[in-house]
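**Student:** This is the content of upload-v2.txt (compact mmCIF, C-alpha atoms):
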```txt
# COMPACT_ATOMS: atom_id res chain seq x y z
CA MET A 1 -77.43 -37.98 -103.14
CA ASP A 2 -75.33 -35.97 -105.57
CA LEU A 3 -72.15 -34.01 -105.11
CA VAL A 4 -73.60 -30.96 -106.82
CA GLY A 5 -76.35 -30.68 -104.22
CA LEU A 6 -73.89 -30.69 -101.38
CA ALA A 7 -71.67 -28.26 -103.23
CA GLU A 8 -74.35 -25.65 -102.63
CA ARG A 9 -73.69 -25.77 -98.92
CA SER A 10 -70.82 -23.33 -98.94
CA THR A 11 -72.67 -20.76 -101.06
CA VAL A 12 -75.72 -21.03 -98.84
CA LEU A 13 -73.43 -20.48 -95.86
CA ALA A 14 -72.13 -17.32 -97.53
CA GLN A 15 -75.69 -16.14 -98.06
CA GLU A 16 -76.63 -16.89 -94.47
CA LEU A 17 -73.66 -14.93 -93.18
CA VAL A 18 -74.52 -11.95 -95.38
CA ARG A 19 -78.15 -12.14 -94.32
CA HIS A 20 -77.00 -11.87 -90.73
CA GLY A 21 -74.96 -8.78 -91.49
CA ALA A 22 -71.47 -10.02 -92.33
CA HIS A 23 -69.34 -8.45 -95.07
CA PHE A 24 -66.53 -10.38 -96.71
CA ILE A 25 -64.98 -11.55 -99.96
CA VAL A 26 -65.43 -15.16 -101.03
CA VAL A 27 -62.17 -16.72 -102.20
CA GLY A 28 -60.83 -20.23 -102.80
CA GLY A 29 -62.81 -23.20 -104.08
CA THR A 30 -66.24 -21.64 -103.61
CA ALA A 31 -65.21 -18.54 -105.54
CA ARG A 32 -63.85 -20.71 -108.35
CA TRP A 33 -67.02 -22.79 -108.36
CA LEU A 34 -69.19 -19.68 -108.57
CA GLU A 35 -67.11 -18.62 -111.56
CA GLY A 36 -67.94 -21.87 -113.31
CA ASP A 37 -65.22 -24.26 -112.16
CA PRO A 38 -66.72 -27.77 -112.22
CA ARG A 39 -65.04 -28.92 -109.03
CA PRO A 40 -67.44 -28.64 -106.10
CA PRO A 41 -65.99 -26.68 -103.16
CA ARG A 42 -65.07 -28.42 -99.94
CA ASP A 43 -65.58 -25.41 -97.72
CA LEU A 44 -66.12 -21.67 -97.70
CA ASP A 45 -63.09 -19.39 -97.57
CA VAL A 46 -63.73 -15.76 -96.78
CA VAL A 47 -61.51 -12.73 -96.37
CA VAL A 48 -62.45 -9.98 -93.93
CA THR A 49 -60.72 -6.85 -92.75
CA ASP A 50 -60.22 -6.07 -89.09
CA ASP A 51 -63.16 -3.71 -88.96
CA GLN A 52 -65.43 -6.36 -90.49
CA ILE A 53 -64.68 -8.84 -87.71
CA PRO A 54 -67.46 -7.74 -85.32
CA ASP A 55 -70.18 -8.16 -87.97
CA LEU A 56 -68.83 -11.54 -88.97
CA VAL A 57 -68.69 -12.71 -85.37
CA ARG A 58 -72.31 -11.61 -84.83
CA ALA A 59 -73.40 -13.45 -87.98
CA LEU A 60 -71.55 -16.57 -86.92
CA HIS A 61 -73.16 -16.37 -83.50
CA ALA A 62 -76.57 -16.23 -85.20
CA LEU A 63 -75.68 -19.48 -86.97
CA GLY A 64 -74.69 -21.13 -83.70
CA VAL A 65 -70.93 -20.76 -84.09
CA GLU A 66 -69.13 -19.27 -81.12
CA ILE A 67 -65.90 -17.39 -81.71
CA ALA A 68 -64.39 -14.40 -79.96
CA GLU A 69 -63.53 -11.29 -81.94
CA ALA A 70 -60.14 -11.24 -80.22
CA ARG A 71 -59.34 -14.72 -81.48
CA LEU A 72 -59.97 -13.74 -85.07
CA ALA A 73 -58.05 -10.49 -84.67
CA ARG A 74 -55.10 -12.29 -83.12
CA SER A 75 -54.95 -15.52 -85.14
CA ARG A 76 -55.74 -13.96 -88.55
CA THR A 77 -56.55 -17.41 -89.99
CA VAL A 78 -59.23 -19.48 -88.29
CA SER A 79 -61.00 -22.68 -89.34
CA LEU A 80 -64.53 -23.08 -88.03
CA CYS A 81 -67.24 -25.71 -88.34
CA THR A 82 -70.79 -24.72 -89.20
CA ALA A 83 -73.89 -26.72 -90.00
CA TRP A 84 -73.30 -25.72 -93.64
CA GLY A 85 -69.78 -27.09 -93.61
CA PRO A 86 -66.29 -25.87 -92.77
CA LEU A 87 -65.48 -22.17 -92.91
CA ASP A 88 -62.01 -20.67 -93.18
CA VAL A 89 -61.71 -17.02 -92.24
CA PHE A 90 -58.70 -14.96 -93.31
CA VAL A 91 -58.27 -11.55 -91.71
CA VAL A 92 -56.30 -8.95 -93.67
CA ALA A 93 -55.33 -5.37 -93.06
CA GLN A 94 -57.45 -3.14 -95.24
CA PRO A 95 -55.46 -1.55 -98.05
CA ALA A 96 -55.65 2.23 -98.18
CA SER A 97 -57.81 2.43 -101.30
CA SER A 98 -59.54 -0.91 -101.42
CA PRO A 99 -63.10 -1.30 -102.65
CA MET A 100 -63.25 -4.49 -100.57
CA GLU A 101 -66.43 -3.83 -98.65
CA THR A 102 -68.36 -2.68 -101.68
CA LEU A 103 -67.23 -5.71 -103.65
CA ALA A 104 -68.10 -8.08 -100.83
CA VAL A 105 -71.67 -6.87 -100.50
CA ALA A 106 -72.25 -6.75 -104.23
CA ASP A 107 -70.74 -10.14 -104.95
CA VAL A 108 -72.50 -12.08 -102.25
CA MET B 109 -44.61 -50.82 -93.93
CA SER B 110 -44.48 -54.42 -92.80
CA GLU B 111 -45.14 -57.06 -95.43
CA ARG B 112 -46.70 -59.32 -92.80
CA THR B 113 -49.32 -56.97 -91.33
CA GLY B 114 -49.08 -53.70 -93.22
CA LEU B 115 -48.30 -51.95 -89.94
CA GLY B 116 -45.74 -49.19 -89.73
CA PRO B 117 -42.65 -49.27 -87.47
CA LEU B 118 -44.23 -47.10 -84.79
CA GLU B 119 -47.24 -49.38 -84.53
CA VAL B 120 -45.02 -52.44 -84.27
CA ALA B 121 -42.87 -50.66 -81.67
CA LEU B 122 -45.99 -50.03 -79.58
CA LEU B 123 -46.99 -53.68 -79.79
CA GLU B 124 -43.52 -54.74 -78.68
CA ALA B 125 -43.34 -52.19 -75.87
CA THR B 126 -46.75 -53.19 -74.53
CA VAL B 127 -45.99 -56.88 -74.51
CA ALA B 128 -42.63 -56.20 -72.89
CA MET B 129 -44.33 -54.24 -70.11
CA GLN B 130 -46.93 -56.98 -69.68
CA ALA B 131 -44.02 -59.39 -69.13
CA GLY B 132 -46.01 -62.51 -69.88
CA ARG B 133 -49.05 -61.47 -67.87
CA GLU B 134 -52.52 -60.68 -69.14
CA VAL B 135 -52.88 -57.66 -66.87
CA PRO B 136 -53.02 -54.20 -68.39
CA VAL B 137 -50.08 -51.88 -67.82
CA ARG B 138 -49.85 -48.14 -67.41
CA THR B 139 -49.98 -46.36 -70.76
CA THR B 140 -47.24 -44.02 -69.60
CA ASP B 141 -44.89 -46.96 -69.01
CA VAL B 142 -45.54 -48.28 -72.53
CA LEU B 143 -44.84 -44.86 -74.03
CA LEU B 144 -41.65 -44.37 -72.07
CA LEU B 145 -40.37 -47.81 -73.06
CA CYS B 146 -41.26 -47.10 -76.68
CA GLU B 147 -39.21 -43.93 -76.54
CA ARG B 148 -36.26 -45.61 -74.81
CA ARG B 149 -36.17 -48.51 -77.26
CA ASP B 150 -37.21 -46.93 -80.54
CA GLY B 151 -36.97 -43.20 -80.08
CA TYR B 152 -40.64 -42.40 -80.64
CA GLY B 153 -41.64 -39.65 -78.23
CA PRO B 154 -44.94 -39.96 -76.34
CA SER B 155 -46.59 -37.16 -78.28
CA TYR B 156 -45.94 -39.13 -81.50
CA ALA B 157 -46.85 -42.50 -80.09
CA LEU B 158 -49.90 -41.76 -77.94
CA PRO B 159 -52.28 -40.76 -80.77
CA VAL B 160 -51.34 -43.94 -82.63
CA LEU B 161 -52.01 -46.01 -79.52
CA GLN B 162 -55.32 -44.24 -79.03
CA HIS B 163 -56.42 -44.89 -82.60
CA LEU B 164 -55.53 -48.56 -82.38
CA GLY B 165 -57.46 -48.96 -79.12
CA ALA B 166 -60.69 -47.19 -80.06
CA TRP B 167 -63.50 -48.98 -81.93
CA TRP B 168 -64.64 -45.76 -83.58
CA HIS B 169 -61.25 -45.34 -85.26
CA THR B 170 -60.32 -48.87 -86.33
CA HIS B 171 -62.09 -52.19 -86.95
CA LEU B 172 -59.18 -54.22 -85.66
CA ASN B 173 -58.25 -52.76 -82.28
CA LEU B 174 -54.77 -53.99 -81.43
CA PHE B 175 -54.99 -52.75 -77.86
CA GLU B 176 -57.51 -53.22 -75.08
CA VAL B 177 -57.73 -50.13 -72.99
CA HIS B 178 -58.79 -49.34 -69.45
CA GLY B 179 -59.86 -45.94 -68.25
CA ASN B 180 -61.06 -42.92 -70.13
CA TRP B 181 -59.99 -43.51 -73.73
CA GLY B 182 -62.22 -40.78 -75.15
CA THR B 183 -65.54 -41.37 -76.86
CA VAL B 184 -67.17 -41.47 -80.27
CA ASP B 185 -68.83 -38.30 -79.04
CA GLY B 186 -65.55 -36.49 -79.56
CA ASP B 187 -64.48 -36.37 -75.92
CA PRO B 188 -60.69 -36.53 -75.52
CA PRO B 189 -59.05 -39.35 -73.60
CA ALA B 190 -57.59 -38.90 -70.14
CA ASP B 191 -53.89 -38.24 -69.71
CA ALA B 192 -51.77 -41.34 -70.36
CA GLN B 193 -50.83 -41.65 -66.68
CA TYR B 194 -54.49 -42.38 -65.85
CA THR B 195 -55.11 -45.12 -68.44
CA GLU B 196 -53.91 -48.69 -68.97
CA VAL B 197 -53.43 -50.88 -72.03
CA ARG B 198 -52.73 -54.46 -72.98
CA LEU B 199 -52.61 -56.33 -76.25
CA SER B 200 -56.02 -57.36 -77.59
CA PRO B 201 -56.51 -60.74 -79.31
CA ALA B 202 -56.00 -58.92 -82.65
CA GLY B 203 -52.87 -57.31 -81.20
CA TRP B 204 -51.45 -60.72 -80.29
CA LEU B 205 -52.16 -61.92 -83.84
CA ALA B 206 -50.43 -58.89 -85.33
CA LEU B 207 -47.43 -59.32 -83.08
CA GLY B 208 -47.29 -63.06 -83.85
CA ALA B 209 -47.31 -62.29 -87.56
CA GLU B 210 -44.61 -59.66 -87.15
CA ARG B 211 -42.42 -62.12 -85.25
CA GLY B 212 -42.94 -64.84 -87.84
CA GLU B 213 -44.81 -67.07 -85.41
CA LEU B 214 -47.92 -66.89 -87.58
CA GLY B 215 -48.66 -66.30 -91.23
CA PRO B 216 -49.39 -62.75 -92.43
CA VAL B 217 -52.37 -60.95 -90.88
CA PRO B 218 -53.89 -58.22 -93.11
CA VAL B 219 -54.32 -55.61 -90.37
CA THR B 220 -53.83 -52.54 -92.51
CA LEU B 221 -55.88 -53.95 -95.38
CA VAL B 222 -58.81 -54.04 -92.94
CA ASN B 223 -58.10 -50.86 -90.96
CA GLY B 224 -57.00 -48.77 -93.93
CA THR B 225 -55.16 -45.51 -93.33
CA HIS B 226 -58.02 -43.03 -93.37
CA TYR B 227 -58.29 -43.08 -89.56
CA ARG B 228 -54.78 -41.62 -89.38
CA GLY B 229 -55.30 -39.06 -92.11
CA GLY B 230 -54.45 -41.27 -95.08
CA LEU B 231 -56.49 -41.93 -98.19
CA VAL B 232 -57.15 -45.66 -97.87
CA PRO B 233 -60.56 -46.50 -96.44
CA PRO B 234 -61.13 -49.46 -94.10
CA LEU B 235 -62.82 -52.67 -95.21
CA SER B 236 -65.35 -54.86 -93.47
CA PRO B 237 -63.22 -57.37 -91.51
CA ARG B 238 -65.51 -60.36 -91.99
CA ARG B 239 -66.10 -59.71 -95.69
CA THR B 240 -62.38 -59.16 -96.25
CA VAL B 241 -61.26 -62.45 -94.73
CA GLU B 242 -64.01 -64.29 -96.63
CA LEU B 243 -62.81 -62.77 -99.89
CA LEU B 244 -59.17 -63.55 -99.15
CA HIS B 245 -60.03 -67.22 -98.52
CA ARG B 246 -61.97 -67.37 -101.78
CA LEU B 247 -59.12 -65.79 -103.71
CA ILE B 248 -56.55 -68.13 -102.17
CA ASP B 249 -58.77 -71.10 -103.04
CA ASP B 250 -59.11 -69.78 -106.61
CA GLU B 251 -62.87 -69.53 -106.23
CA GLU B 252 -64.74 -67.22 -108.52
CA VAL B 253 -65.40 -63.83 -106.97
CA PRO B 254 -68.47 -62.13 -108.44
CA GLU B 255 -68.58 -58.35 -108.85
CA GLU B 256 -71.22 -58.02 -106.15
CA ALA B 257 -68.81 -59.48 -103.60
CA PHE B 258 -67.24 -56.03 -103.50
CA ASP B 259 -70.52 -54.30 -102.64
CA ASP B 260 -70.39 -52.67 -99.21
CA LEU B 261 -66.86 -53.96 -98.71
CA VAL B 262 -65.60 -50.48 -97.84
CA ALA B 263 -67.00 -49.97 -94.36
CA PHE B 264 -66.12 -47.49 -91.65
CA PRO B 265 -66.21 -48.43 -87.94
CA THR B 266 -68.75 -45.71 -87.15
CA ARG B 267 -71.13 -47.39 -89.62
CA GLY B 268 -71.57 -44.38 -91.91
CA THR B 269 -72.44 -44.77 -95.57
CA ILE B 270 -70.32 -44.16 -98.65
CA ASP B 271 -71.61 -42.83 -101.93
CA GLY B 272 -70.20 -41.44 -105.16
CA ASP B 273 -68.13 -42.85 -107.98
CA LEU B 274 -67.28 -46.17 -106.33
CA GLU B 275 -66.20 -47.64 -109.66
CA SER B 276 -63.45 -45.06 -109.83
CA LEU B 277 -62.48 -45.68 -106.21
CA TYR B 278 -62.40 -49.46 -106.63
CA GLY B 279 -60.41 -48.97 -109.82
CA GLY B 280 -57.60 -47.38 -107.86
CA HIS B 281 -58.23 -43.73 -108.68
CA ARG B 282 -58.17 -40.98 -106.12
CA THR B 283 -61.86 -40.22 -105.83
CA ARG B 284 -63.95 -37.69 -104.01
CA ILE B 285 -66.50 -39.64 -102.03
CA LEU B 286 -69.49 -38.70 -99.91
CA LEU B 287 -69.34 -40.11 -96.41
CA GLY B 288 -72.80 -40.01 -94.92
CA SER B 289 -74.76 -40.94 -91.85
CA ARG B 290 -76.79 -44.13 -91.77
CA VAL B 291 -80.44 -43.25 -91.34
CA VAL B 292 -83.04 -45.83 -90.33
CA ARG B 293 -86.81 -45.30 -90.50
CA GLU B 294 -88.01 -46.73 -87.22
CA ALA B 295 -91.57 -45.46 -87.49
CA PRO B 296 -93.62 -43.38 -89.94
CA THR B 297 -92.62 -40.21 -88.12
CA ARG B 298 -89.21 -41.17 -86.80
CA LEU B 299 -85.78 -41.19 -88.45
CA VAL B 300 -82.85 -42.52 -86.45
CA ILE B 301 -79.19 -41.93 -87.25
CA THR B 302 -77.33 -45.09 -86.31
CA GLY B 303 -74.03 -44.44 -88.06
CA ILE B 304 -71.98 -41.32 -88.66
CA PRO B 305 -69.13 -40.43 -91.02
CA PRO B 306 -65.60 -41.16 -89.82
CA GLY B 307 -63.84 -38.34 -88.04
CA THR B 308 -67.06 -36.72 -86.93
CA SER B 309 -68.79 -37.14 -83.59
CA VAL B 310 -72.33 -37.74 -82.41
CA GLN B 311 -72.15 -34.34 -80.75
CA GLU B 312 -71.17 -32.57 -83.98
CA VAL B 313 -73.84 -34.34 -86.04
CA GLY B 314 -76.54 -33.59 -83.46
CA SER B 315 -75.45 -29.95 -83.14
CA GLY B 316 -75.39 -29.46 -86.90
CA LEU B 317 -78.91 -30.81 -87.22
CA SER B 318 -80.16 -28.67 -84.34
CA ARG B 319 -78.60 -25.49 -85.74
CA ARG B 320 -80.12 -26.01 -89.15
CA GLN B 321 -83.48 -27.12 -87.79
CA GLN B 322 -84.06 -23.80 -86.04
CA PRO B 323 -86.34 -21.56 -88.09
CA SER B 324 -84.27 -18.65 -89.38
CA PRO B 325 -85.47 -15.30 -88.05
CA GLY B 326 -85.90 -12.41 -90.44
CA GLY B 327 -87.14 -14.34 -93.44
CA ARG B 328 -85.13 -15.70 -96.32
CA VAL B 329 -82.72 -14.07 -98.67
CA SER B 330 -83.45 -14.15 -102.32
CA ARG B 331 -83.19 -17.76 -103.41
CA HIS B 332 -82.12 -17.26 -106.99
CA LEU B 333 -78.63 -16.01 -106.21
CA PHE B 334 -76.87 -19.34 -106.36
CA GLY B 335 -77.77 -22.62 -107.91
CA PRO B 336 -81.12 -24.03 -108.87
CA PRO B 337 -84.03 -23.08 -106.58
CA GLU B 338 -84.84 -26.64 -105.61
CA VAL B 339 -81.39 -27.03 -104.09
CA ASP B 340 -81.82 -23.81 -102.15
CA GLU B 341 -85.20 -25.01 -100.92
CA ARG B 342 -83.57 -28.07 -99.42
CA MET B 343 -80.89 -25.97 -97.82
CA TYR B 344 -83.19 -23.37 -96.36
CA GLY B 345 -85.88 -25.78 -95.21
CA THR B 346 -86.19 -25.45 -91.48
CA GLY B 347 -86.15 -29.18 -91.00
CA ASN B 348 -88.68 -30.30 -93.58
CA GLY B 349 -91.03 -31.62 -90.96
CA VAL B 350 -88.44 -32.38 -88.31
CA VAL B 351 -90.00 -31.27 -85.03
CA GLY B 352 -87.51 -32.69 -82.56
CA ILE B 353 -83.92 -33.90 -82.43
CA GLU B 354 -82.81 -36.07 -79.52
CA ASP B 355 -79.46 -37.60 -78.79
CA GLU B 356 -80.40 -41.02 -77.40
CA SER B 357 -76.88 -42.43 -77.60
CA GLY B 358 -75.85 -44.56 -74.68
CA TYR B 359 -73.43 -47.25 -73.61
CA ASP B 360 -75.19 -50.04 -75.52
CA ASP B 361 -76.14 -47.85 -78.45
CA PRO B 362 -73.31 -45.36 -78.89
CA ILE B 363 -74.69 -43.76 -82.07
CA ARG B 364 -78.37 -42.96 -81.90
CA ILE B 365 -79.74 -39.57 -82.90
CA VAL B 366 -83.52 -39.49 -83.20
CA LEU B 367 -85.34 -37.11 -85.55
CA ASP B 368 -89.05 -36.90 -84.74
CA LEU B 369 -91.18 -35.77 -87.66
CA ALA B 370 -94.53 -34.03 -87.82
CA ALA B 371 -97.45 -36.33 -88.52
CA ASP B 372 -97.85 -34.95 -92.05
CA ALA B 373 -94.12 -34.74 -92.80
CA ASP B 374 -92.70 -35.99 -96.06
CA VAL B 375 -90.20 -38.54 -94.76
CA ASP B 376 -88.14 -38.55 -97.96
CA ALA B 377 -87.86 -34.75 -97.85
CA ALA B 378 -86.87 -34.80 -94.19
CA GLU B 379 -84.18 -37.42 -94.83
CA SER B 380 -82.95 -35.47 -97.84
CA TRP B 381 -82.80 -32.28 -95.78
CA ALA B 382 -80.88 -34.02 -93.01
CA SER B 383 -78.34 -35.29 -95.53
CA THR B 384 -77.46 -31.71 -96.52
CA VAL B 385 -76.47 -30.81 -92.96
CA TRP B 386 -72.78 -30.78 -92.14
CA PRO B 387 -71.44 -33.13 -90.81
CA VAL B 388 -74.35 -35.52 -91.36
CA THR B 389 -72.68 -35.81 -94.76
CA ILE B 390 -69.08 -34.90 -95.43
CA GLU B 391 -66.77 -35.33 -98.38
CA ALA B 392 -63.40 -37.02 -98.46
CA GLU B 393 -60.78 -38.02 -100.98
CA LEU B 394 -60.17 -41.76 -100.86
CA GLU B 395 -57.89 -44.05 -102.81
CA LEU B 396 -57.35 -47.79 -102.97
CA PRO B 397 -53.79 -48.00 -104.32
CA GLY B 398 -53.68 -50.18 -107.41
CA GLY B 399 -57.40 -50.89 -107.09
CA LEU B 400 -59.43 -52.99 -104.69
CA ASP B 401 -59.06 -56.19 -106.65
CA THR B 402 -55.28 -55.83 -106.80
CA MET B 403 -55.02 -55.04 -103.08
CA LEU B 404 -57.04 -58.12 -102.18
CA ARG B 405 -55.12 -60.38 -104.55
CA ASP B 406 -51.84 -59.04 -103.19
CA TRP B 407 -52.83 -59.95 -99.65
CA ALA B 408 -54.27 -63.29 -100.77
CA HIS B 409 -50.89 -64.01 -102.34
CA ARG B 410 -49.08 -63.07 -99.13
CA CYS B 411 -51.36 -65.20 -96.97
CA ALA B 412 -51.47 -68.19 -99.31
CA GLU B 413 -48.13 -69.69 -98.30
CA ASP B 414 -48.98 -69.77 -94.60
CA ARG B 415 -52.66 -69.29 -93.87
CA SER B 416 -52.31 -69.58 -90.10
CA GLY B 417 -52.54 -65.83 -89.48
CA LEU B 418 -55.53 -65.41 -91.77
CA ASP B 419 -57.22 -68.44 -90.20
CA GLU B 420 -56.77 -66.98 -86.70
CA LEU B 421 -58.10 -63.64 -87.84
CA THR B 422 -61.09 -65.37 -89.43
CA ARG B 423 -61.91 -66.98 -86.09
CA LEU B 424 -61.59 -63.60 -84.38
CA VAL B 425 -63.86 -61.56 -86.65
```
Would you mind writing the structure in this file as structure tokens?
**Tutor:**
Amino acid sequence: MDLVGLAERSTVLAQELVRHGAHFIVVGGTARWLEGDPRPPRDLDVVVTDDQIPDLVRALHALGVEIAEARLARSRTVSLCTAWGPLDVFVVAQPASSPMETLAVADV
Amino acid sequence: MSERTGLGPLEVALLEATVAMQAGREVPVRTTDVLLLCERRDGYGPSYALPVLQHLGAWWHTHLNLFEVHGNWGTVDGDPPADAQYTEVRLSPAGWLALGAERGELGPVPVTLVNGTHYRGGLVPPLSPRRTVELLHRLIDDEEVPEEAFDDLVAFPTRGTIDGDLESLYGGHRTRILLGSRVVREAPTRLVITGIPPGTSVQEVGSGLSRRQQPSPGGRVSRHLFGPPEVDERMYGTGNGVVGIEDESGYDDPIRIVLDLAADADVDAAESWASTVWPVTIEAELELPGGLDTMLRDWAHRCAEDRSGLDELTRLV
């Protein structure tokens, strides 16, 4: 078994979430790795805005991960376990003129 | 950290408090009473001390359990233990050895060399107890220790596997290591997980496999977005021939997850697929300070002057 193979887990998790309708921005180790950093990521870190929470929660549910929208909205930072590895979700208030959603869809 | 066992002051305080509560008897005592005495004597509050006590009394956390426990102490399945007022503890044979070494009644006993610190969030992995004492005796007796004597020396209580740059790890470098599940081929169409990575549970491993084994509705996303296609194929495979996942763990066999395969399944592909599931395989940073050889020689040196503790531990493991 090789580390590189397992490193794909977090990107596949991102793909699975998008396929199930989630919108987000990938940050942290996975983002660095996708940009060519040689260090394999340990987990997937994603940033969502408040209005993206429902779609993310539905996507997580489709992957067998139960979390309430209210918990994400309240806690703002939540660590979850998925069958593709750990997932950290960061909820931010959407800036007035942010292209966040567009970027998220295009990048993932 | 104690020179005679490698234990920290809280661990020693728990040993002392337990034996004080036992008052010369072999009977177990209420965990709450041990914790309260520990706080009164040494100032460690129960919420600090209880997790340490729990780790040192659970086989899935440490090889050398210093405490024998009665009642619901949690499970390798991830279930939490009962409240301290409903459980009892007493010193185990290894606990008596550790306490004897701490009190100078016995020679040093390498408790922390064997248990490591990973179970409590540290970087040092545990070592096989039997192999460790054998190696220490050989080093004390100045016998030659071949390279292969170190093979499989790092061993976790939940019998998972370790993989990666072991040379770097053994050399004393902080190294990112793969901690995997032990998979046995019991029949041509049956894989059985008999060991899991430390810090995970049978429940989590089984759930992860079940979630990934479900065929994904709605087809696949484009597979050329990230990484080479063959890696994606492994990830997206809906089980690679796995047709059933059963948790057959029980009292006598606490880690047993059975993967039934289709008659025409490629067993290698199925095993490879399973290994990509989290937390069938996880990653962890580990470090053997100074290197494995140095750690062993250091303990051999400590034990050489008075081998009584090491001899007792050898009989025990």
**Student:** Give as a PDB file with C-alpha atoms, in the coordinates of the input each residue that has an atom at most 12 Å from (-61.3, -24.3, -95.0) in the file, counting only C-alpha atoms.
**Tutor:**
```pdb
ATOM      1  CA  SER A  10     -70.820 -23.330 -98.940  1.00  0.00           C
ATOM      2  CA  VAL A  26     -65.430 -15.160-101.030  1.00  0.00           C
ATOM      3  CA  VAL A  27     -62.170 -16.720-102.200  1.00  0.00           C
ATOM      4  CA  GLY A  28     -60.830 -20.230-102.800  1.00  0.00           C
ATOM      5  CA  GLY A  29     -62.810 -23.200-104.080  1.00  0.00           C
ATOM      6  CA  THR A  30     -66.240 -21.640-103.610  1.00  0.00           C
ATOM      7  CA  PRO A  41     -65.990 -26.680-103.160  1.00  0.00           C
ATOM      8  CA  ARG A  42     -65.070 -28.420 -99.940  1.00  0.00           C
ATOM      9  CA  ASP A  43     -65.580 -25.410 -97.720  1.00  0.00           C
ATOM     10  CA  LEU A  44     -66.120 -21.670 -97.700  1.00  0.00           C
ATOM     11  CA  ASP A  45     -63.090 -19.390 -97.570  1.00  0.00           C
ATOM     12  CA  VAL A  46     -63.730 -15.760 -96.780  1.00  0.00           C
ATOM     13  CA  VAL A  47     -61.510 -12.730 -96.370  1.00  0.00           C
ATOM     14  CA  THR A  77     -56.550 -17.410 -89.990  1.00  0.00           C
ATOM     15  CA  VAL A  78     -59.230 -19.480 -88.290  1.00  0.00           C
ATOM     16  CA  SER A  79     -61.000 -22.680 -89.340  1.00  0.00           C
ATOM     17  CA  LEU A  80     -64.530 -23.080 -88.030  1.00  0.00           C
ATOM     18  CA  CYS A  81     -67.240 -25.710 -88.340  1.00  0.00           C
ATOM     19  CA  THR A  82     -70.790 -24.720 -89.200  1.00  0.00           C
ATOM     20  CA  GLY A  85     -69.780 -27.090 -93.610  1.00  0.00           C
ATOM     21  CA  PRO A  86     -66.290 -25.870 -92.770  1.00  0.00           C
ATOM     22  CA  LEU A  87     -65.480 -22.170 -92.910  1.00  0.00           C
ATOM     23  CA  ASP A  88     -62.010 -20.670 -93.180  1.00  0.00           C
ATOM     24  CA  VAL A  89     -61.710 -17.020 -92.240  1.00  0.00           C
ATOM     25  CA  PHE A  90     -58.700 -14.960 -93.310  1.00  0.00           C
TER      26      PHE A  90
END
```
**Student:** Between CA of Trp168 in chain B and CA of Leu207 in chain B, what is the spacing in Å?
**Tutor:** 21.9 Å
**Student:** Please measure the separation of CA of Leu56 in chain A and CA of Ala70 in chain A, giving the value in Å to one decimal.
**Tutor:**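 Going from CA of Leu56 in chain A over to CA of Ala70 in chain A covers 12.3 Å.
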**Student:** May I have the residues of chain B within 6 Å of chain A, counting only C-alpha atoms, written as a PyMOL selection string?
**Tutor:** chain B and resi 316+385-386
**Student:** With all atoms listed in the file as the basis for distance, which of A:Ala93, A:Leu60, A:Thr49, A:Arg39 is at the shortest distance from Ile25 in chain A?
**Tutor:** A:Thr49
**Student:** CA of His163 in chain B and CA of Arg228 in chain B are how many Å apart?
**Tutor:**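 CA of Arg228 in chain B lies at a distance of 7.7 Å from CA of His163 in chain B.
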**Student:** Which residues are near Arg423 in chain B? Cut-off 10 Å, all atoms listed in the file, ignore same chain within fewer than 5 positions. Put them as a list in words.
**Tutor:**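 Contacts, with the query itself left out: Arg238, Val241 and Leu418 of chain B.
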**Student:** Can you spit out the residues from that selection as a tab-separated table (two decimals), in the coordinates of the input, using C-alpha atoms?
**Tutor:**
```
chain	number	residue	atom	x	y	z
B	238	ARG	CA	-65.51	-60.36	-91.99
B	241	VAL	CA	-61.26	-62.45	-94.73
B	418	LEU	CA	-55.53	-65.41	-91.77
```
**Student:** Kindly list the centre and edge lengths in Å, rounded to one decimal, for the axis-aligned box that covers all listed atoms of range 372-376 of chain B plus 6 Å on each of its six sides, as JSON.
**Tutor:**
```
{"center_x": -93.0, "center_y": -36.6, "center_z": -95.0, "size_x": 21.7, "size_y": 15.8, "size_z": 17.9}
```
**Student:** List as a PyMOL selection string the protein and nucleic acid residues near range 255-269 of chain B, meaning an atom at most 7 Å away when only C-alpha atoms are counted, but skip any in the same chain fewer than 2 places from it.
**Tutor:** chain B and resi 167-171+233-236+239+253+271+287-290+303-306
**Student:** Which residues are close to range 110-125 of chain B, i.e. within 7 Å by only C-alpha atoms, leaving aside same-chain residues fewer than 4 positions away? Reply as a list in words.
**Tutor:**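 Result of the neighbour search: Met129, Val142, Leu145, Cys146, Asp150, Ala206, Leu207, Ala209, Glu210, Pro216, Val217, Pro218, Val219 and Thr220 of chain B.
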**Student:** Between B:Asp185, B:Asn180, B:Met109, B:Gly279, which residue has the minimum interatomic distance to Met403 in chain B, considering all atoms listed in the file?
**Tutor:** B:Gly279
